[in-house]
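Participant: This is start.cif, which holds mmCIF, C-alpha atoms and all ligand atoms:
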```
data_data
loop_
_atom_site.label_atom_id
_atom_site.label_comp_id
_atom_site.auth_asym_id
_atom_site.auth_seq_id
_atom_site.Cartn_x
_atom_site.Cartn_y
_atom_site.Cartn_z
CA MET X 1 246.73 130.99 156.78
CA ALA X 2 247.40 127.26 156.32
CA ALA X 3 244.09 127.01 154.47
CA THR X 4 245.13 129.91 152.19
CA ARG X 5 248.41 128.19 151.51
CA GLN X 6 246.73 124.93 150.66
CA ARG X 7 244.24 126.69 148.38
CA SER X 8 246.95 128.47 146.45
CA SER X 9 248.77 125.14 146.15
CA GLN X 10 245.71 123.60 144.48
CA ARG X 11 245.09 126.64 142.28
CA SER X 12 248.49 126.53 140.68
CA ALA X 13 248.17 122.76 140.21
CA GLN X 14 245.31 123.43 137.79
CA SER X 15 247.32 125.91 135.75
CA ARG X 16 250.49 123.86 135.54
CA PRO X 17 252.36 123.94 132.23
CA LEU X 18 251.63 121.21 129.73
CA PRO X 19 254.17 118.38 129.74
CA GLY X 20 254.43 118.76 125.96
CA LYS X 21 256.66 121.78 126.45
CA LEU X 22 259.56 119.54 127.40
CA PRO X 23 261.19 116.77 125.38
CA LYS X 24 260.07 113.30 126.38
CA ASP X 25 263.47 112.33 127.79
CA ASP X 26 263.42 115.32 130.12
CA LEU X 27 259.96 114.42 131.43
CA VAL X 28 261.06 110.84 132.05
CA GLU X 29 264.17 112.07 133.83
CA LEU X 30 262.14 114.35 136.12
CA LEU X 31 259.98 111.40 137.12
CA ARG X 32 262.93 109.02 137.50
CA ARG X 33 264.84 111.46 139.73
CA MET X 34 261.86 111.93 142.02
CA MET X 35 261.33 108.17 142.25
CA LEU X 36 265.05 107.65 142.90
CA ILE X 37 265.01 110.13 145.78
CA ARG X 38 261.88 108.57 147.32
CA ARG X 39 263.35 105.06 147.21
CA PHE X 40 266.68 106.34 148.52
CA GLU X 41 264.94 107.89 151.52
CA GLN X 42 262.91 104.77 152.24
CA LYS X 43 266.09 102.73 152.22
CA ALA X 44 267.92 105.29 154.37
CA ALA X 45 265.13 105.01 156.98
CA GLU X 46 265.51 101.24 156.93
CA MET X 47 269.29 101.50 157.33
CA TYR X 48 268.86 103.94 160.20
CA GLY X 49 266.59 101.41 161.89
CA ARG X 50 269.29 98.78 161.48
CA GLY X 51 271.86 101.03 163.13
CA ARG X 52 273.96 101.51 160.00
CA ILE X 53 273.42 105.28 160.03
CA LYS X 54 274.32 107.21 163.16
CA GLY X 55 273.37 110.69 164.29
CA PHE X 56 270.54 112.66 162.73
CA LEU X 57 268.62 111.73 159.61
CA HIS X 58 266.09 114.11 158.04
CA LEU X 59 264.14 112.64 155.17
CA TYR X 60 263.01 114.56 152.10
CA SER X 61 260.05 112.33 151.13
CA GLY X 62 257.13 114.45 149.90
CA GLN X 63 259.27 117.37 148.79
CA GLU X 64 260.77 115.74 145.68
CA ALA X 65 259.00 117.97 143.15
CA THR X 66 260.52 121.07 144.69
CA GLY X 67 264.12 119.84 144.66
CA VAL X 68 263.96 118.08 141.31
CA GLY X 69 261.97 120.82 139.57
CA ALA X 70 264.19 123.62 140.84
CA ILE X 71 267.54 121.91 140.32
CA SER X 72 266.56 120.78 136.81
CA ALA X 73 266.27 124.47 135.90
CA LEU X 74 269.89 125.21 136.94
CA ARG X 75 272.99 125.13 134.77
CA SER X 76 275.86 122.87 135.75
CA ASP X 77 278.00 125.94 136.50
CA ASP X 78 275.51 127.34 139.03
CA TYR X 79 276.13 126.83 142.74
CA ILE X 80 273.83 125.25 145.32
CA TYR X 81 273.85 125.85 149.08
CA SER X 82 271.35 123.71 150.92
CA HIS X 83 270.01 122.95 154.37
CA TYR X 84 270.34 119.72 156.33
CA ARG X 85 267.40 117.97 154.57
CA GLU X 86 269.52 117.78 151.47
CA HIS X 87 269.88 114.17 150.28
CA GLY X 88 267.18 114.88 147.70
CA HIS X 89 268.95 118.00 146.46
CA ALA X 90 272.25 116.13 146.18
CA ILE X 91 270.67 113.32 144.14
CA ALA X 92 268.72 115.81 142.03
CA ARG X 93 272.03 117.51 141.25
CA GLY X 94 273.47 114.24 139.97
CA ILE X 95 275.57 113.12 142.93
CA GLU X 96 275.45 109.36 142.78
CA PRO X 97 273.13 107.72 145.33
CA ARG X 98 275.96 105.41 146.40
CA ALA X 99 278.16 108.41 147.30
CA VAL X 100 275.27 109.88 149.31
CA MET X 101 274.52 106.55 151.02
CA ALA X 102 278.20 106.02 151.83
CA GLU X 103 278.25 109.49 153.37
CA LEU X 104 275.25 108.61 155.53
CA PHE X 105 277.17 105.51 156.65
CA GLY X 106 280.19 107.71 157.49
CA LYS X 107 282.40 105.96 154.94
CA GLU X 108 285.55 107.17 153.18
CA THR X 109 283.82 106.77 149.79
CA GLY X 110 281.04 109.17 150.75
CA ALA X 111 280.53 112.49 148.97
CA SER X 112 282.25 114.26 151.90
CA ARG X 113 284.63 111.35 152.60
CA GLY X 114 282.55 110.34 155.58
CA ARG X 115 283.36 113.54 157.47
CA GLY X 116 279.97 115.20 157.03
CA GLY X 117 277.23 112.61 157.30
CA SER X 118 273.61 113.17 156.43
CA MET X 119 273.56 116.93 156.99
CA HIS X 120 276.76 117.85 155.17
CA ILE X 121 276.76 116.38 151.69
CA PHE X 122 279.27 118.26 149.54
CA ASP X 123 280.54 117.82 145.98
CA ARG X 124 282.58 120.58 144.49
CA SER X 125 282.60 119.01 141.03
CA LYS X 126 278.81 119.44 140.94
CA ARG X 127 279.05 122.86 142.58
CA PHE X 128 277.00 121.40 145.38
CA MET X 129 278.43 123.53 148.16
CA GLY X 130 277.03 121.62 151.08
CA GLY X 131 274.14 121.02 153.37
CA TYR X 132 274.21 123.23 156.47
CA ALA X 133 272.76 122.37 159.87
CA ILE X 134 272.69 125.90 161.29
CA VAL X 135 269.30 127.14 160.13
CA GLY X 136 269.70 130.04 157.68
CA SER X 137 273.51 129.89 157.62
CA GLN X 138 273.64 128.83 153.98
CA MET X 139 272.08 132.11 152.86
CA PRO X 140 275.00 134.50 153.55
CA LEU X 141 277.36 131.86 152.13
CA ALA X 142 275.38 131.81 148.88
CA CYS X 143 275.58 135.61 148.83
CA GLY X 144 279.36 135.39 149.13
CA THR X 145 279.56 133.03 146.17
CA ALA X 146 277.17 135.25 144.19
CA LEU X 147 279.44 138.22 144.90
CA ALA X 148 282.42 136.20 143.65
CA CYS X 149 280.51 135.31 140.45
CA LYS X 150 279.69 138.96 139.90
CA ARG X 151 283.25 140.14 140.46
CA LEU X 152 284.60 137.46 138.12
CA GLY X 153 282.18 138.57 135.43
CA SER X 154 280.64 135.08 135.28
CA ASP X 155 276.91 134.58 134.72
CA SER X 156 276.67 131.68 137.16
CA VAL X 157 273.98 132.00 139.80
CA ALA X 158 274.17 130.91 143.45
CA VAL X 159 271.07 129.26 144.86
CA ALA X 160 270.30 129.10 148.57
CA ILE X 161 267.69 126.50 149.51
CA LEU X 162 266.09 127.16 152.88
CA GLY X 163 263.18 125.96 154.98
CA ASP X 164 260.31 128.02 156.36
CA GLY X 165 262.10 127.84 159.72
CA ALA X 166 264.91 130.01 158.37
CA VAL X 167 262.75 133.04 157.65
CA ASN X 168 262.84 134.33 161.21
CA GLU X 169 266.61 134.12 161.50
CA GLY X 170 268.80 137.20 161.38
CA ALA X 171 270.83 135.56 158.61
CA PHE X 172 267.72 135.48 156.39
CA HIS X 173 267.21 139.23 156.61
CA GLU X 174 270.90 140.06 156.41
CA ALA X 175 271.26 137.91 153.30
CA LEU X 176 268.21 139.37 151.56
CA ASN X 177 269.29 142.90 152.40
CA LEU X 178 272.86 142.41 151.19
CA ALA X 179 271.73 140.59 148.05
CA ALA X 180 269.40 143.48 147.20
CA ILE X 181 271.84 146.27 148.04
CA TRP X 182 274.62 144.67 145.98
CA GLN X 183 272.25 143.26 143.34
CA LEU X 184 273.80 139.82 143.69
CA PRO X 185 273.08 136.94 141.31
CA VAL X 186 271.47 134.79 143.97
CA LEU X 187 268.18 132.92 144.02
CA PHE X 188 266.56 132.10 147.34
CA LEU X 189 264.34 129.03 147.25
CA CYS X 190 262.20 128.59 150.36
CA GLU X 191 260.75 125.12 150.82
CA ASN X 192 257.75 125.89 152.96
CA ASN X 193 256.71 122.50 154.30
CA LEU X 194 254.57 124.20 157.00
CA TYR X 195 256.75 123.09 159.94
CA GLY X 196 260.03 123.91 161.60
CA MET X 197 260.57 120.84 163.78
CA GLY X 198 257.23 120.58 165.65
CA THR X 199 256.13 124.20 165.20
CA HIS X 200 253.63 125.21 162.54
CA VAL X 201 254.77 128.11 160.39
CA GLU X 202 251.81 130.20 161.55
CA ARG X 203 253.01 129.99 165.13
CA ALA X 204 256.54 130.96 164.17
CA ALA X 205 256.35 133.49 161.33
CA ALA X 206 254.43 136.74 161.77
CA GLY X 207 252.72 138.49 158.89
CA ALA X 208 251.55 137.34 155.50
CA GLU X 209 252.86 134.68 153.16
CA ILE X 210 256.60 134.08 153.32
CA TYR X 211 257.39 135.13 149.75
CA ARG X 212 256.07 138.61 150.50
CA ARG X 213 258.91 139.17 152.95
CA ALA X 214 261.28 139.48 149.99
CA GLU X 215 259.18 142.36 148.61
CA VAL X 216 260.26 144.49 151.55
CA TYR X 217 263.80 144.31 150.19
CA GLY X 218 262.67 145.05 146.63
CA ILE X 219 263.39 141.45 145.60
CA PRO X 220 260.97 140.01 143.04
CA SER X 221 259.28 137.02 144.60
CA ARG X 222 256.70 134.41 143.74
CA GLN X 223 254.92 131.44 145.24
CA VAL X 224 254.59 128.10 143.52
CA ASP X 225 252.96 124.72 144.09
CA GLY X 226 255.93 122.78 145.40
CA MET X 227 254.17 119.45 144.79
CA ASP X 228 254.13 120.04 141.03
CA VAL X 229 257.50 119.40 139.42
CA LEU X 230 256.74 121.23 136.18
CA ALA X 231 255.35 124.27 137.93
CA VAL X 232 258.46 124.49 140.13
CA ARG X 233 260.77 124.06 137.16
CA GLU X 234 258.99 126.79 135.24
CA SER X 235 258.83 129.20 138.15
CA VAL X 236 262.46 128.75 139.19
CA GLY X 237 263.56 128.84 135.54
CA ALA X 238 261.81 132.18 134.95
CA ALA X 239 263.30 133.66 138.14
CA LEU X 240 266.76 132.36 137.21
CA ASP X 241 266.64 133.94 133.76
CA LYS X 242 266.20 137.35 135.34
CA VAL X 243 268.91 136.80 137.93
CA ARG X 244 271.32 135.60 135.26
CA LYS X 245 270.64 138.66 133.12
CA GLY X 246 271.87 140.85 135.97
CA ASP X 247 268.52 141.91 137.42
CA GLY X 248 269.66 141.09 140.96
CA PRO X 249 268.31 138.49 143.40
CA ALA X 250 265.01 136.61 143.25
CA PHE X 251 262.94 134.67 145.76
CA VAL X 252 260.69 131.66 145.21
CA GLU X 253 258.51 130.08 147.89
CA ALA X 254 257.48 126.50 147.13
CA LEU X 255 254.49 125.17 149.09
CA THR X 256 255.29 121.61 149.99
CA TYR X 257 255.09 119.04 152.78
CA ARG X 258 257.29 116.45 154.37
CA PHE X 259 255.58 113.09 154.63
CA ARG X 260 257.86 111.89 157.43
CA GLY X 261 258.66 113.43 160.80
CA HIS X 262 261.24 116.17 161.22
CA SER X 263 263.93 113.56 161.86
CA MET X 264 263.93 109.87 162.64
CA ALA X 265 263.51 110.72 166.32
CA ASP X 266 260.20 112.60 165.82
CA PRO X 267 257.01 111.01 167.24
CA GLU X 268 254.94 113.58 165.25
CA LEU X 269 252.59 114.59 168.03
CA TYR X 270 252.11 118.09 166.62
CA ARG X 271 250.16 117.31 163.45
CA ASN X 272 247.07 115.25 162.87
CA LYS X 273 246.65 112.29 160.58
CA ASP X 274 244.00 114.03 158.41
CA GLU X 275 246.45 116.74 157.48
CA VAL X 276 249.14 114.22 156.53
CA ALA X 277 246.55 112.20 154.57
CA HIS X 278 245.45 115.34 152.68
CA TRP X 279 248.99 116.13 151.59
CA ARG X 280 249.59 112.53 150.63
CA THR X 281 246.79 112.90 148.09
CA LEU X 282 249.04 115.55 146.47
CA ASP X 283 252.02 113.17 146.32
CA PRO X 284 254.27 114.76 143.68
CA ILE X 285 255.38 111.43 142.26
CA GLU X 286 251.89 109.96 141.86
CA ARG X 287 250.66 113.23 140.38
CA PHE X 288 253.46 113.39 137.85
CA LYS X 289 253.03 109.72 136.98
CA SER X 290 249.46 110.48 136.02
CA VAL X 291 250.57 113.54 134.02
CA VAL X 292 253.04 111.52 131.95
CA THR X 293 250.72 108.55 131.48
CA ARG X 294 247.80 110.79 130.43
CA ALA X 295 250.11 112.50 127.95
CA ARG X 296 251.18 109.04 126.74
CA VAL X 297 254.82 109.80 127.49
CA LEU X 298 255.11 106.59 129.51
CA GLY X 299 252.95 103.54 130.08
CA LYS X 300 252.59 101.52 133.29
CA LYS X 301 255.05 98.88 132.10
CA GLN X 302 257.72 101.48 131.45
CA ILE X 303 257.18 103.06 134.85
CA ASP X 304 257.50 99.60 136.44
CA ALA X 305 260.77 99.10 134.58
CA ILE X 306 262.09 102.42 135.93
CA GLU X 307 261.09 101.31 139.42
CA GLU X 308 262.97 98.04 139.03
CA SER X 309 266.15 99.73 137.83
CA ILE X 310 265.95 102.17 140.76
CA GLU X 311 265.55 99.24 143.13
CA ARG X 312 268.79 97.75 141.77
CA GLU X 313 270.61 101.10 141.96
CA ILE X 314 269.61 101.65 145.59
CA ASP X 315 270.51 98.08 146.58
CA GLU X 316 273.89 98.59 144.97
CA ALA X 317 274.27 101.90 146.84
CA VAL X 318 273.74 100.10 150.15
CA ARG X 319 276.17 97.34 149.21
CA TYR X 320 278.78 99.94 148.22
CA ALA X 321 278.28 101.88 151.45
CA ASP X 322 278.43 98.70 153.51
CA GLU X 323 281.60 97.42 151.91
CA SER X 324 283.43 100.76 151.93
CA PRO X 325 285.95 101.44 154.72
CA PHE X 326 285.56 104.06 157.42
CA PRO X 327 288.13 106.86 157.18
CA ALA X 328 291.38 105.85 158.84
CA ALA X 329 291.64 107.43 162.30
CA GLU X 330 294.95 109.11 161.45
CA SER X 331 293.37 110.78 158.38
CA LEU X 332 290.69 112.63 160.33
CA PRO X 333 292.45 116.02 160.29
CA GLU X 334 292.60 115.82 156.48
CA HIS X 335 289.97 117.47 154.24
CA VAL X 336 288.76 119.71 157.04
CA TYR X 337 290.22 123.00 155.84
CA ALA X 338 290.79 124.08 152.23
CA ASP X 339 294.35 123.75 151.09
CA ALA X 340 295.12 127.31 150.03
CA ALA X 341 297.81 126.17 147.62
CA THR X 342 295.63 123.79 145.63
CA ASP X 343 291.98 124.53 146.38
CA VAL X 344 291.47 128.27 146.23
CA GLY X 345 290.80 129.43 142.70
CA ALA X 346 291.44 125.93 141.38
CA ASP X 347 287.99 125.67 139.88
CA ALA X 348 288.85 125.09 136.25
CA ALA X 349 285.31 125.70 135.03
CA GLU X 350 285.29 129.25 136.43
CA PRO X 351 285.71 131.73 133.58
CA ALA X 352 288.75 133.89 134.21
CA ALA X 353 288.14 137.63 134.17
CA ALA X 354 290.69 140.38 133.68
CA PRO X 355 291.26 142.37 136.89
CA GLU X 356 289.94 145.49 135.17
CA GLN X 357 286.65 143.76 134.30
CA SER X 358 286.35 142.34 137.79
CA ARG X 359 286.56 145.75 139.33
CA LYS X 360 283.92 147.11 136.97
CA ALA X 361 281.62 144.17 137.58
CA ALA X 362 281.81 144.71 141.35
C1 LIG X 401 270.25 128.75 164.10
C2 LIG X 401 269.55 127.48 164.49
N1 LIG X 401 268.54 127.55 165.39
C3 LIG X 401 267.89 126.41 165.76
C4 LIG X 401 268.27 125.20 165.24
C5 LIG X 401 267.53 123.93 165.65
N2 LIG X 401 266.72 123.45 164.51
C6 LIG X 401 267.14 122.42 163.77
S1 LIG X 401 266.08 122.09 162.54
C7 LIG X 401 265.06 123.34 162.95
C8 LIG X 401 263.80 123.60 162.15
C9 LIG X 401 264.04 124.21 160.81
O1 LIG X 401 262.87 124.13 160.06
P1 LIG X 401 262.81 124.46 158.54
O2 LIG X 401 263.78 125.53 158.23
O3 LIG X 401 261.40 124.73 158.22
O4 LIG X 401 263.32 123.15 157.80
P2 LIG X 401 262.62 121.73 157.65
O5 LIG X 401 263.11 120.90 158.79
O6 LIG X 401 261.16 121.93 157.69
O7 LIG X 401 263.09 121.19 156.35
C10 LIG X 401 265.54 123.99 164.07
C11 LIG X 401 264.85 125.13 164.70
C12 LIG X 401 269.35 125.17 164.33
N3 LIG X 401 269.78 124.04 163.78
N4 LIG X 401 269.96 126.34 163.96
MG MG X 402 259.96 123.57 157.38
#
```
As structure tokens, what does this structure read like?
Ligand SMILES: Cc1ncc(C[n+]2csc(CCOP(=O)(O)OP(=O)(O)O)c2C)c(N)n1
Ligand SMILES: [Mg+2]
Facilitator:
Amino acid sequence: MAATRQRSSQRSAQSRPLPGKLPKDDLVELLRRMMLIRRFEQKAAEMYGRGRIKGFLHLYSGQEATGVGAISALRSDDYIYSHYREHGHAIARGIEPRAVMAELFGKETGASRGRGGSMHIFDRSKRFMGGYAIVGSQMPLACGTALACKRLGSDSVAVAILGDGAVNEGAFHEALNLAAIWQLPVLFLCENNLYGMGTHVERAAAGAEIYRRAEVYGIPSRQVDGMDVLAVRESVGAALDKVRKGDGPAFVEALTYRFRGHSMADPELYRNKDEVAHWRTLDPIERFKSVVTRARVLGKKQIDAIEESIEREIDEAVRYADESPFPAAESLPEHVYADAATDVGADAAEPAAAPEQSRKAA
């Protein structure tokens, strides 16, 4: 099955959309975001090694095309629920690298005020509703937000990003079933990187390809080359259009690969070097660099300049995280629960709906 998955990954790479479909600035931004995430993750690994980051750290390197492609297709008023490998999603959504780095350091200036750490990046202003460490738990939460959007008569969509490891959880099936029964505006994006910790997907998930599981619930689903940023953007964009129109949920499986171990504590004894080397030849950043240079969107000098500015941005993110204070001990009970008086319904961007409409929409 792994061979089938790799073949389909290469097939869709050949039929990827032409870069000319997008304005030049958008193409450059897709590349820059992927490069920013890669450099961020390299630096995070270094900081972990130096003891600046405590606890778990799961790196996203290798999967950048999936996160950047998918999130670039969203509107700013859509919602994202992610898993614990979410630094890349947070940065793709526009959360500043320094706020993500400070969160990794456990600092007060972090996206979650240092309370969440690597696995719980949250930014309400970006409708980035958190990374979740309980595998599959983000899926019912995204359904809840999708239900709220529907009842409010808004055309925002909730997106749940999950790993292949989530597809055998009860929450996965409960969420798909509920989303289909209630025709919720939710998009499920499965990042199939072939492993859940040290277990290959074939040893964990029975049956055919993952995306076909959604068919059982009558949810339209598709598979895409998750190493190709334009293909992901197009696939997720097409699925989103349907969800937004009121056609109910959709499911996209992106075939991708993590270049690093599951977490920083992983000796990687479960996969061989040839497999890793094969996937490295599909590096989404190198591939997209060659797409944009062949299309004469960017030259080598311009790519080097982007790299240099990213280097400065990441260095500044580390400096900011380093110099920021830890939360004061007496403030630890703060920001744990929502303040009902000020938080609930305080989202100014949410279109208000008349109660009558809300009832009809539900
Ligand atoms: C409900 C639940 N069961 C088990 C775990 C332990 N666990 C942490 S990560 C992980 C693997 C998840 O793999 P996947 O969803 O493929 O995500 P990836 O790490 O590949 O991004 C498991 C089983 C957990 N966190 N939650
Ligand atoms: Mg996985």
Participant: Kindly provide, as a ChimeraX atom specification, all nucleotide and amino acid residues lying within 10 Å of ligand LIG 401 (chain X), counting all atoms listed in the file.
Facilitator: /X:58-60,63,83-86,132-137,161-171,190-201,204,256-258,261-263
Participant: From the list X:Ile80, X:Val236, X:Cys149, X:Ala305, which residue is nearest Phe122 in chain X when using all atoms listed in the file?
Facilitator: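 Closest residue, counting all atoms listed in the file: X:Ile80.
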Participant: Would you mind telling me which residue in X:Phe105, X:Tyr48, X:Tyr79, X:Phe259 lies nearest to ligand MG 402 (chain X) when using only C-alpha atoms and all ligand atoms?
Facilitator: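 Using only C-alpha atoms and all ligand atoms, ligand MG 402 (chain X) sits closest to X:Phe259.
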Participant: As an exercise, work out the distance from CA of Val292 in chain X to CA of Leu27 in chain X in Å and give it to one decimal place.
Facilitator: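 We find that CA of Val292 in chain X and CA of Leu27 in chain X lie 7.5 Å from each other.
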Participant: Nearest to ligand MG 402 (chain X) among X:Ala328, X:Arg52, X:Ala295, X:Arg260, with distances taken over all atoms listed in the file: which residue is it?
Facilitator: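 Nearest candidate to ligand MG 402 (chain X) out of X:Ala328, X:Arg52, X:Ala295, X:Arg260: X:Arg260.
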Participant: Between X:Met264, X:Val318, X:Leu332, X:Ala254, which one has atoms that come closest to ligand MG 402 (chain X), using only C-alpha atoms and all ligand atoms?
Facilitator: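 Of the candidates, the smallest distance to ligand MG 402 (chain X) is held by X:Ala254.
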Participant: Quick one: residues within 9 Å of range 321-327 of chain X, only C-alpha atoms counted, chain neighbours fewer than 2 positions away excluded, as a list in words?
Facilitator: Arg52, Arg98, Ala99, Val100, Met101, Ala102, Glu103, Leu104, Phe105, Gly106, Lys107, Glu108, Thr109, Gly110, Arg113, Gly114, Arg115, Glu316, Ala317, Val318, Arg319, Ala329, Glu330, Ser331 and Leu332 of chain X
Participant: Between X:Arg151, X:Tyr217, X:Glu202, X:Pro185, which residue has the minimum interatomic distance to ligand MG 402 (chain X), considering all atoms listed in the file?
Facilitator: X:Glu202
Participant: Between CA of Leu298 in chain X and CA of Lys43 in chain X, what is the spacing in Å?
Facilitator: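 Between CA of Lys43 in chain X and CA of Leu298 in chain X the gap is 25.5 Å.
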Participant: Set the distance at 10 Å and use only C-alpha atoms: which residues neighbour range 69-75 of chain X once local chain neighbours fewer than 4 positions away are removed? I'd like the list as number ranges by chain.
Facilitator: X: 26, 29-31, 33-34, 64-65, 79-80, 89-94, 156-159, 161, 189, 226-241, 252, 254
Participant: To one decimal place, how far is CA of Phe56 in chain X from CA of Asp78 in chain X in Å?
Facilitator: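 Those two atoms sit 28.3 Å apart.
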Participant: Can you list, as an NGL selection string, every protein, DNA or RNA residue that comes within 9 Å of Leu141 in chain X when you count only C-alpha atoms, leaving out same-chain residues fewer than 3 positions away?
Facilitator: :X and (81 or 137-138 or 144-146 or 160 or 175)
Participant: For ligand MG 402 (chain X), which of X:Ile303, X:Ala205, X:Ile219, X:Val297 is the closest residue, counting all atoms listed in the file?
Facilitator: X:Ala205
Participant: Identify, on the basis of only C-alpha atoms, every residue whose closest approach to Arg124 in chain X does not exceed 10 Å; exclude the query and any residue fewer than 4 positions from it along the same chain; express the result as an MDAnalysis selection string.
Facilitator: chainID X and resid 79:80 111:112 128:130 347
Participant: Show which residues sit within 9 Å of Arg212 in chain X, as a ChimeraX atom specification. Count only C-alpha atoms, and ignore same-chain residues fewer than 6 positions away.
Facilitator: /X:221-223
Participant: Name the residues, using the chain letters and numbers of the file, that sit within 9 Å of (269.0, 139.0, 151.0) when counting all atoms listed in the file, and give them as a list of chain:residue names.
Facilitator: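 In the file's frame, the residues around the point are X:Met139, X:Pro140, X:Cys143, X:Ala171, X:Phe172, X:His173, X:Glu174, X:Ala175, X:Leu176, X:Asn177, X:Leu178, X:Ala179, X:Ala180, X:Ile181, X:Leu184, X:Val186, X:Phe188, X:Ala214, X:Tyr217, X:Ile219, X:Pro249.
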Participant: I'd like the box whose edges run along x, y and z of the file and which contains every listed atom of range 256-271 of chain X, padded by 4 Å per side; could you state its centre and edge lengths in Å, one decimal, as JSON?
Facilitator:
```
{"center_x": 257.0, "center_y": 115.7, "center_z": 159.0, "size_x": 21.8, "size_y": 19.7, "size_z": 26.0}
```
